[in-house]
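query.cif, holding mmCIF, C-alpha atoms:
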data_work
loop_
_atom_site.label_atom_id
_atom_site.label_comp_id
_atom_site.auth_asym_id
_atom_site.auth_seq_id
_atom_site.Cartn_x
_atom_site.Cartn_y
_atom_site.Cartn_z
CA MET A 17 10.19 0.72 17.48
CA ARG A 18 6.65 -0.62 17.70
CA VAL A 19 4.98 -3.12 15.37
CA ALA A 20 1.26 -3.78 15.82
CA VAL A 21 -0.67 -6.29 13.72
CA GLN A 22 -4.29 -6.04 14.79
CA SER A 23 -7.89 -6.33 13.64
CA ALA A 24 -9.03 -3.33 15.69
CA ALA A 25 -9.25 0.14 14.17
CA PHE A 26 -6.63 2.66 15.32
CA ASP A 27 -6.83 6.39 16.00
CA LEU A 28 -4.49 7.99 13.46
CA GLY A 29 -4.30 11.32 15.27
CA ALA A 30 -3.69 9.81 18.70
CA GLU A 31 -1.06 7.40 17.37
CA ALA A 32 0.78 10.16 15.48
CA ALA A 33 0.68 12.53 18.46
CA ALA A 34 1.93 9.89 20.91
CA PHE A 35 4.66 8.82 18.47
CA ALA A 36 5.88 12.40 17.97
CA ALA A 37 5.75 13.16 21.69
CA ALA A 38 7.92 10.13 22.48
CA ALA A 39 10.46 10.76 19.70
CA GLY A 40 13.04 12.60 21.77
CA GLY A 41 15.73 14.32 19.70
CA ALA A 42 13.79 14.09 16.44
CA GLY A 43 13.37 17.12 14.21
CA ALA A 44 11.04 15.41 11.76
CA VAL A 45 8.15 12.97 11.92
CA VAL A 46 6.65 11.49 8.76
CA THR A 47 3.44 9.49 8.82
CA PHE A 48 1.74 7.59 6.03
CA THR A 49 -1.73 6.06 6.23
CA GLY A 50 -3.24 3.60 3.76
CA LEU A 51 -7.03 3.57 3.35
CA VAL A 52 -9.43 1.09 1.74
CA ARG A 53 -10.28 2.52 -1.70
CA ASP A 54 -13.96 2.22 -2.59
CA ASN A 55 -13.24 1.64 -6.32
CA GLY A 56 -15.91 4.12 -7.36
CA GLY A 57 -18.50 2.61 -5.04
CA ALA A 58 -17.98 -0.96 -6.33
CA LEU A 59 -16.27 -2.23 -3.19
CA ALA A 60 -18.38 -3.54 -0.32
CA ALA A 61 -15.49 -4.61 1.90
CA MET A 62 -11.84 -5.56 1.96
CA GLU A 63 -10.71 -8.74 3.69
CA ILE A 64 -7.11 -8.92 4.77
CA GLU A 65 -5.51 -12.24 5.66
CA HIS A 66 -2.06 -12.55 7.20
CA TYR A 67 0.43 -15.09 8.49
CA PRO A 68 0.52 -14.67 12.29
CA GLY A 69 4.08 -14.88 13.54
CA MET A 70 5.77 -14.33 10.21
CA THR A 71 4.03 -10.98 9.74
CA GLU A 72 5.47 -9.48 12.92
CA ARG A 73 8.91 -10.98 12.23
CA ALA A 74 9.00 -9.66 8.66
CA ILE A 75 7.94 -6.15 9.69
CA ARG A 76 10.44 -6.06 12.56
CA ALA A 77 13.20 -7.08 10.14
CA MET A 78 12.19 -4.27 7.75
CA ALA A 79 12.08 -1.70 10.54
CA SER A 80 15.45 -2.80 11.85
CA GLU A 81 16.96 -2.54 8.36
CA ALA A 82 15.47 0.95 8.03
CA SER A 83 17.09 1.91 11.35
CA GLN A 84 20.47 0.77 10.05
CA ARG A 85 20.16 2.63 6.75
CA TRP A 86 18.82 5.93 8.02
CA ALA A 87 19.34 7.98 11.16
CA LEU A 88 16.01 7.09 12.74
CA VAL A 89 15.03 7.98 16.28
CA ASP A 90 12.01 5.69 16.15
CA ALA A 91 9.62 3.88 13.81
CA LEU A 92 6.04 2.66 14.10
CA VAL A 93 4.09 0.24 11.91
CA ILE A 94 0.43 -0.59 12.52
CA HIS A 95 -1.23 -2.94 10.03
CA ARG A 96 -4.77 -4.30 10.32
CA PHE A 97 -6.24 -7.59 9.19
CA GLY A 98 -9.80 -8.89 8.96
CA ARG A 99 -12.81 -7.29 7.29
CA LEU A 100 -12.56 -3.54 6.60
CA ALA A 101 -15.10 -1.15 5.06
CA PRO A 102 -14.26 1.36 2.30
CA GLY A 103 -12.60 4.45 3.72
CA GLU A 104 -11.24 2.67 6.80
CA ALA A 105 -7.54 2.95 7.58
CA ILE A 106 -5.67 -0.27 6.77
CA MET A 107 -2.27 0.66 8.09
CA MET A 108 0.07 3.42 9.13
CA VAL A 109 3.80 3.95 9.15
CA ALA A 110 5.51 6.64 11.19
CA THR A 111 9.20 7.49 11.22
CA ALA A 112 11.07 10.00 13.35
CA ALA A 113 14.53 11.31 12.50
CA PRO A 114 16.75 14.31 13.23
CA HIS A 115 16.11 15.59 9.66
CA ARG A 116 13.22 15.15 7.26
CA ALA A 117 15.05 13.44 4.37
CA ASP A 118 15.79 10.38 6.53
CA ALA A 119 12.23 10.30 7.88
CA PHE A 120 10.71 10.47 4.36
CA ASP A 121 13.11 7.93 2.84
CA ALA A 122 12.70 5.43 5.68
CA ALA A 123 8.89 5.75 5.50
CA GLU A 124 8.94 5.10 1.74
CA PHE A 125 11.28 2.16 2.20
CA LEU A 126 8.97 0.66 4.83
CA MET A 127 5.92 1.19 2.59
CA ASP A 128 7.58 -0.47 -0.41
CA TYR A 129 8.62 -3.46 1.69
CA LEU A 130 5.25 -3.78 3.43
CA LYS A 131 3.56 -3.99 0.03
CA SER A 132 5.54 -6.96 -1.26
CA ARG A 133 7.41 -8.57 1.65
CA ALA A 134 4.99 -8.59 4.58
CA PRO A 135 2.70 -11.65 4.44
CA PHE A 136 -0.66 -9.95 3.95
CA TRP A 137 -3.18 -10.81 1.25
CA LYS A 138 -6.08 -8.56 0.29
CA LYS A 139 -9.41 -9.76 -1.04
CA GLU A 140 -11.90 -7.31 -2.50
CA ILE A 141 -15.54 -8.08 -1.80
CA GLY A 142 -17.86 -6.52 -4.37
CA ALA A 143 -21.50 -6.82 -5.36
CA ASP A 144 -20.57 -9.46 -7.96
CA GLY A 145 -18.37 -11.59 -5.76
CA ALA A 146 -14.91 -11.62 -4.22
CA GLU A 147 -11.49 -11.46 -5.79
CA TRP A 148 -7.95 -11.69 -4.43
CA VAL A 149 -5.93 -8.59 -5.22
CA ALA A 150 -3.04 -9.51 -7.54
CA ALA A 151 0.45 -8.29 -6.74
CA LYS A 152 1.66 -5.64 -9.19
CA ASP A 153 4.94 -5.81 -11.11
CA GLU A 154 5.56 -2.17 -10.25
CA ASP A 155 5.42 -2.99 -6.52
CA GLU A 156 8.17 -5.56 -7.00
CA ALA A 157 10.12 -3.10 -9.16
CA ALA A 158 9.81 -0.47 -6.42
CA LEU A 159 12.02 -2.61 -4.16
CA ARG A 160 14.93 -2.37 -6.57
CA ARG A 161 15.52 1.31 -5.87
CA TRP A 162 16.57 0.44 -2.33
CA MET B 9 6.48 -34.41 10.68
CA ILE B 10 6.22 -31.02 9.16
CA ASP B 11 3.51 -28.33 9.44
CA VAL B 12 2.32 -27.13 6.04
CA LEU B 13 0.36 -23.87 5.92
CA TYR B 14 -1.65 -22.39 3.07
CA PHE B 15 -2.79 -18.80 2.67
CA ALA B 16 -5.15 -16.77 0.46
CA TRP B 17 -6.23 -18.55 -2.76
CA VAL B 18 -3.85 -21.44 -2.10
CA ARG B 19 -5.80 -22.12 1.12
CA GLU B 20 -9.11 -21.80 -0.73
CA ARG B 21 -8.08 -24.16 -3.52
CA ILE B 22 -6.73 -26.82 -1.18
CA GLY B 23 -9.61 -26.35 1.25
CA LEU B 24 -7.72 -26.15 4.51
CA PRO B 25 -5.43 -23.66 6.28
CA ARG B 26 -2.84 -26.13 7.59
CA GLU B 27 -1.99 -29.78 7.97
CA ARG B 28 0.74 -32.00 9.41
CA ILE B 29 2.54 -34.10 6.87
CA GLU B 30 4.89 -37.04 7.18
CA THR B 31 7.42 -36.56 4.39
CA ALA B 32 10.95 -37.46 3.44
CA ALA B 33 11.05 -34.89 0.64
CA PRO B 34 14.57 -33.41 0.49
CA THR B 35 13.49 -30.06 -0.97
CA VAL B 36 10.44 -27.79 -1.18
CA ALA B 37 10.05 -28.74 -4.85
CA ALA B 38 9.99 -32.45 -3.94
CA LEU B 39 7.34 -31.77 -1.27
CA VAL B 40 5.26 -29.91 -3.87
CA GLU B 41 5.49 -32.93 -6.20
CA GLU B 42 4.32 -35.22 -3.38
CA LEU B 43 1.36 -32.95 -2.65
CA LYS B 44 0.42 -32.60 -6.34
CA ALA B 45 0.32 -36.40 -6.66
CA ARG B 46 -2.16 -36.65 -3.76
CA GLU B 47 -5.31 -35.10 -5.20
CA GLU B 48 -6.58 -32.87 -7.94
CA ARG B 49 -7.08 -29.88 -5.62
CA TYR B 50 -3.37 -29.91 -4.74
CA ALA B 51 -2.40 -30.27 -8.41
CA LEU B 52 -4.57 -27.22 -9.18
CA ALA B 53 -3.16 -25.14 -6.34
CA PHE B 54 0.43 -25.91 -7.34
CA ALA B 55 -0.08 -25.79 -11.12
CA ASP B 56 2.02 -22.65 -11.58
CA LEU B 57 4.91 -22.31 -9.13
CA ALA B 58 5.87 -18.94 -10.62
CA SER B 59 2.67 -17.54 -9.07
CA LEU B 60 3.53 -18.92 -5.63
CA ARG B 61 5.89 -18.02 -2.83
CA VAL B 62 7.20 -20.23 -0.04
CA ALA B 63 8.36 -19.51 3.49
CA LEU B 64 10.40 -21.93 5.61
CA ASP B 65 10.05 -21.44 9.37
CA GLN B 66 8.53 -18.01 8.64
CA GLU B 67 11.35 -16.76 6.39
CA LEU B 68 10.86 -16.29 2.64
CA SER B 69 12.69 -19.02 0.76
CA SER B 70 12.74 -20.74 -2.61
CA PHE B 71 11.42 -23.95 -4.12
CA ASP B 72 14.88 -25.47 -4.48
CA ALA B 73 15.65 -24.98 -0.77
CA PRO B 74 16.34 -28.09 1.36
CA LEU B 75 13.74 -29.15 3.95
CA ALA B 76 16.16 -30.72 6.45
CA GLY B 77 15.41 -29.38 9.94
CA VAL B 78 12.47 -27.27 8.78
CA ARG B 79 9.37 -27.42 11.01
CA GLU B 80 6.96 -25.14 9.15
CA VAL B 81 6.46 -24.66 5.41
CA ALA B 82 3.99 -22.07 4.10
CA PHE B 83 2.72 -21.64 0.55
CA PHE B 84 1.02 -18.46 -0.61
CA PRO B 85 0.58 -16.08 -3.55
CA PRO B 86 2.73 -12.92 -3.86
CA MET B 87 1.99 -10.66 -0.91
CA THR B 88 -0.26 -7.61 -1.13
CA GLY B 89 0.27 -5.64 2.06
CA GLY B 90 0.38 -1.92 2.66
#
Do you think you could lay out the structure here as structure tokens?
Amino acid sequence: MRVAVQSAAFDLGAEAAAFAAAAGGAGAVVTFTGLVRDNGGALAAMEIEHYPGMTERAIRAMASEASQRWALVDALVIHRFGRLAPGEAIMMVATAAPHRADAFDAAEFLMDYLKSRAPFWKKEIGADGAEWVAAKDEDEAALRRW
Amino acid sequence: MIDVLYFAWVRERIGLPRERIETAAPTVAALVEELKAREERYALAFADLASLRVALDQELSSFDAPLAGVREVAFFPPMTGG
């Protein structure tokens, strides 16, 4: 299991290929990538703040819970912080499992938890100023299905 | 002494990312009351606790949690990762 919290961009293809190649015994690899939406051209940049130390701990705890709940061979979470331009990749999750249902479910679980339980905060920078992104009720509700 | 950290708009409202505080507050809620009494910017930042979250030593916690033995308290809005 690898958790990377970084400001640098990552190579989605290279990360996915290396993850799949190292996932011995897996029959399924699922990857999810989150991008900065441009909000119809209104977004100039996205600034992501995080809580160094707690971020890595919280993600590791989520990944270890996912490993207990599903038959995972491996999991990967990369999440960026700092200033990102529209279209840039913010984060990726990859899961590897013997069968696809476990890989999909564990990836969704990790995504739902990353949204509301990993200490990141997004700020949208637009032409008219900057605004912190508010947490959505539906993101909190999404945790209840697990 | 306890390290108090602020993130996102809490940090912006208070005007600093972290500070060391000498406190005998028994709970998070009592610490919040002490901070609110300090200055207007703290009172503004902590006006609505329902819109805030707290972590004790980097674990999510609650405002009624005790502070005994805690070294680091962090206040922040609901998280928006992913």
(request) Can you turn the PyMOL selection byres ((chain A) within 7 of (chain B)) into a concrete residue list for this file, as a PyMOL selection string? (result) chain A and resi 50+65+70+107+127+130-138+151
(request) Would you list the contacts of Met78 of chain A as number ranges by chain, taking every protein, DNA or RNA residue within 12 Å and counting all atoms listed in the file, but skipping same-chain residues closer than 6 positions in sequence? (result) A: 17-19, 71-72, 84-85, 91-93, 109, 122-134, 162
(message) I'd like to see the residues matched by the PyMOL selection byres ((chain A and resi 32) around 12) on this file, and ideally I'd get them as a PyMOL selection string.
(response) chain A and resi 26-31+33-39+45-49+91-94+108-112
Filtering to C-alpha atoms, could you give me those residues as a CSV table (one decimal), in the coordinates of the input?
chain,number,residue,atom,x,y,z
A,26,PHE,CA,-6.6,2.7,15.3
A,27,ASP,CA,-6.8,6.4,16.0
A,28,LEU,CA,-4.5,8.0,13.5
A,29,GLY,CA,-4.3,11.3,15.3
A,30,ALA,CA,-3.7,9.8,18.7
A,31,GLU,CA,-1.1,7.4,17.4
A,33,ALA,CA,0.7,12.5,18.5
A,34,ALA,CA,1.9,9.9,20.9
A,35,PHE,CA,4.7,8.8,18.5
A,36,ALA,CA,5.9,12.4,18.0
A,37,ALA,CA,5.8,13.2,21.7
A,38,ALA,CA,7.9,10.1,22.5
A,39,ALA,CA,10.5,10.8,19.7
A,45,VAL,CA,8.2,13.0,11.9
A,46,VAL,CA,6.6,11.5,8.8
A,47,THR,CA,3.4,9.5,8.8
A,48,PHE,CA,1.7,7.6,6.0
A,49,THR,CA,-1.7,6.1,6.2
A,91,ALA,CA,9.6,3.9,13.8
A,92,LEU,CA,6.0,2.7,14.1
A,93,VAL,CA,4.1,0.2,11.9
A,94,ILE,CA,0.4,-0.6,12.5
A,108,MET,CA,0.1,3.4,9.1
A,109,VAL,CA,3.8,4.0,9.2
A,110,ALA,CA,5.5,6.6,11.2
A,111,THR,CA,9.2,7.5,11.2
A,112,ALA,CA,11.1,10.0,13.4
(request) Can you work out the spacing between atom CA of Ile106 of chain A and atom CA of Arg160 of chain A in Å, to one decimal? (result) 24.6 Å
I'd like to see the residues matched by the PyMOL selection byres ((chain B and resi 64) around 12) on this file, and ideally I'd get them as an mmCIF file with C-alpha atoms, in the frame of the given file.
data_model
loop_
_atom_site.group_PDB
_atom_site.id
_atom_site.type_symbol
_atom_site.label_atom_id
_atom_site.label_comp_id
_atom_site.auth_asym_id
_atom_site.auth_seq_id
_atom_site.Cartn_x
_atom_site.Cartn_y
_atom_site.Cartn_z
ATOM 1 C CA MET A 70 5.770 -14.330 10.210
ATOM 2 C CA ILE B 10 6.220 -31.020 9.160
ATOM 3 C CA ASP B 11 3.510 -28.330 9.440
ATOM 4 C CA VAL B 12 2.320 -27.130 6.040
ATOM 5 C CA LEU B 13 0.360 -23.870 5.920
ATOM 6 C CA THR B 35 13.490 -30.060 -0.970
ATOM 7 C CA VAL B 36 10.440 -27.790 -1.180
ATOM 8 C CA ARG B 61 5.890 -18.020 -2.830
ATOM 9 C CA VAL B 62 7.200 -20.230 -0.040
ATOM 10 C CA ALA B 63 8.360 -19.510 3.490
ATOM 11 C CA ASP B 65 10.050 -21.440 9.370
ATOM 12 C CA GLN B 66 8.530 -18.010 8.640
ATOM 13 C CA GLU B 67 11.350 -16.760 6.390
ATOM 14 C CA LEU B 68 10.860 -16.290 2.640
ATOM 15 C CA SER B 69 12.690 -19.020 0.760
ATOM 16 C CA SER B 70 12.740 -20.740 -2.610
ATOM 17 C CA PHE B 71 11.420 -23.950 -4.120
ATOM 18 C CA ASP B 72 14.880 -25.470 -4.480
ATOM 19 C CA ALA B 73 15.650 -24.980 -0.770
ATOM 20 C CA PRO B 74 16.340 -28.090 1.360
ATOM 21 C CA LEU B 75 13.740 -29.150 3.950
ATOM 22 C CA ALA B 76 16.160 -30.720 6.450
ATOM 23 C CA GLY B 77 15.410 -29.380 9.940
ATOM 24 C CA VAL B 78 12.470 -27.270 8.780
ATOM 25 C CA ARG B 79 9.370 -27.420 11.010
ATOM 26 C CA GLU B 80 6.960 -25.140 9.150
ATOM 27 C CA VAL B 81 6.460 -24.660 5.410
ATOM 28 C CA ALA B 82 3.990 -22.070 4.100
ATOM 29 C CA PHE B 83 2.720 -21.640 0.550
ATOM 30 C CA PHE B 84 1.020 -18.460 -0.610
#
Take the point (-4.2, -7.5, 18.4) in the file's coordinates, draw a sphere of radius 12 Å around it, and report as a PDB file with C-alpha atoms, in the coordinates of the input every protein, DNA or RNA residue with an atom inside or on it, counting all atoms listed in the file.
ATOM      1  CA  VAL A  19       4.980  -3.120  15.370  1.00  0.00           C
ATOM      2  CA  ALA A  20       1.260  -3.780  15.820  1.00  0.00           C
ATOM      3  CA  VAL A  21      -0.670  -6.290  13.720  1.00  0.00           C
ATOM      4  CA  GLN A  22      -4.290  -6.040  14.790  1.00  0.00           C
ATOM      5  CA  SER A  23      -7.890  -6.330  13.640  1.00  0.00           C
ATOM      6  CA  ALA A  24      -9.030  -3.330  15.690  1.00  0.00           C
ATOM      7  CA  ALA A  25      -9.250   0.140  14.170  1.00  0.00           C
ATOM      8  CA  PHE A  26      -6.630   2.660  15.320  1.00  0.00           C
ATOM      9  CA  PRO A  68       0.520 -14.670  12.290  1.00  0.00           C
ATOM     10  CA  GLU A  72       5.470  -9.480  12.920  1.00  0.00           C
ATOM     11  CA  ILE A  94       0.430  -0.590  12.520  1.00  0.00           C
ATOM     12  CA  HIS A  95      -1.230  -2.940  10.030  1.00  0.00           C
ATOM     13  CA  ARG A  96      -4.770  -4.300  10.320  1.00  0.00           C
ATOM     14  CA  PHE A  97      -6.240  -7.590   9.190  1.00  0.00           C
ATOM     15  CA  GLY A  98      -9.800  -8.890   8.960  1.00  0.00           C
TER      16      GLY A  98
END
(request) Give the answer as one residue: which of B:Ala55, B:Ala45, B:Leu39, B:Met9 has the shortest atom-to-atom distance to Glu27 of chain B, using all atoms listed in the file? (result)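 The answer is B:Met9, which sits nearest to Glu27 of chain B.
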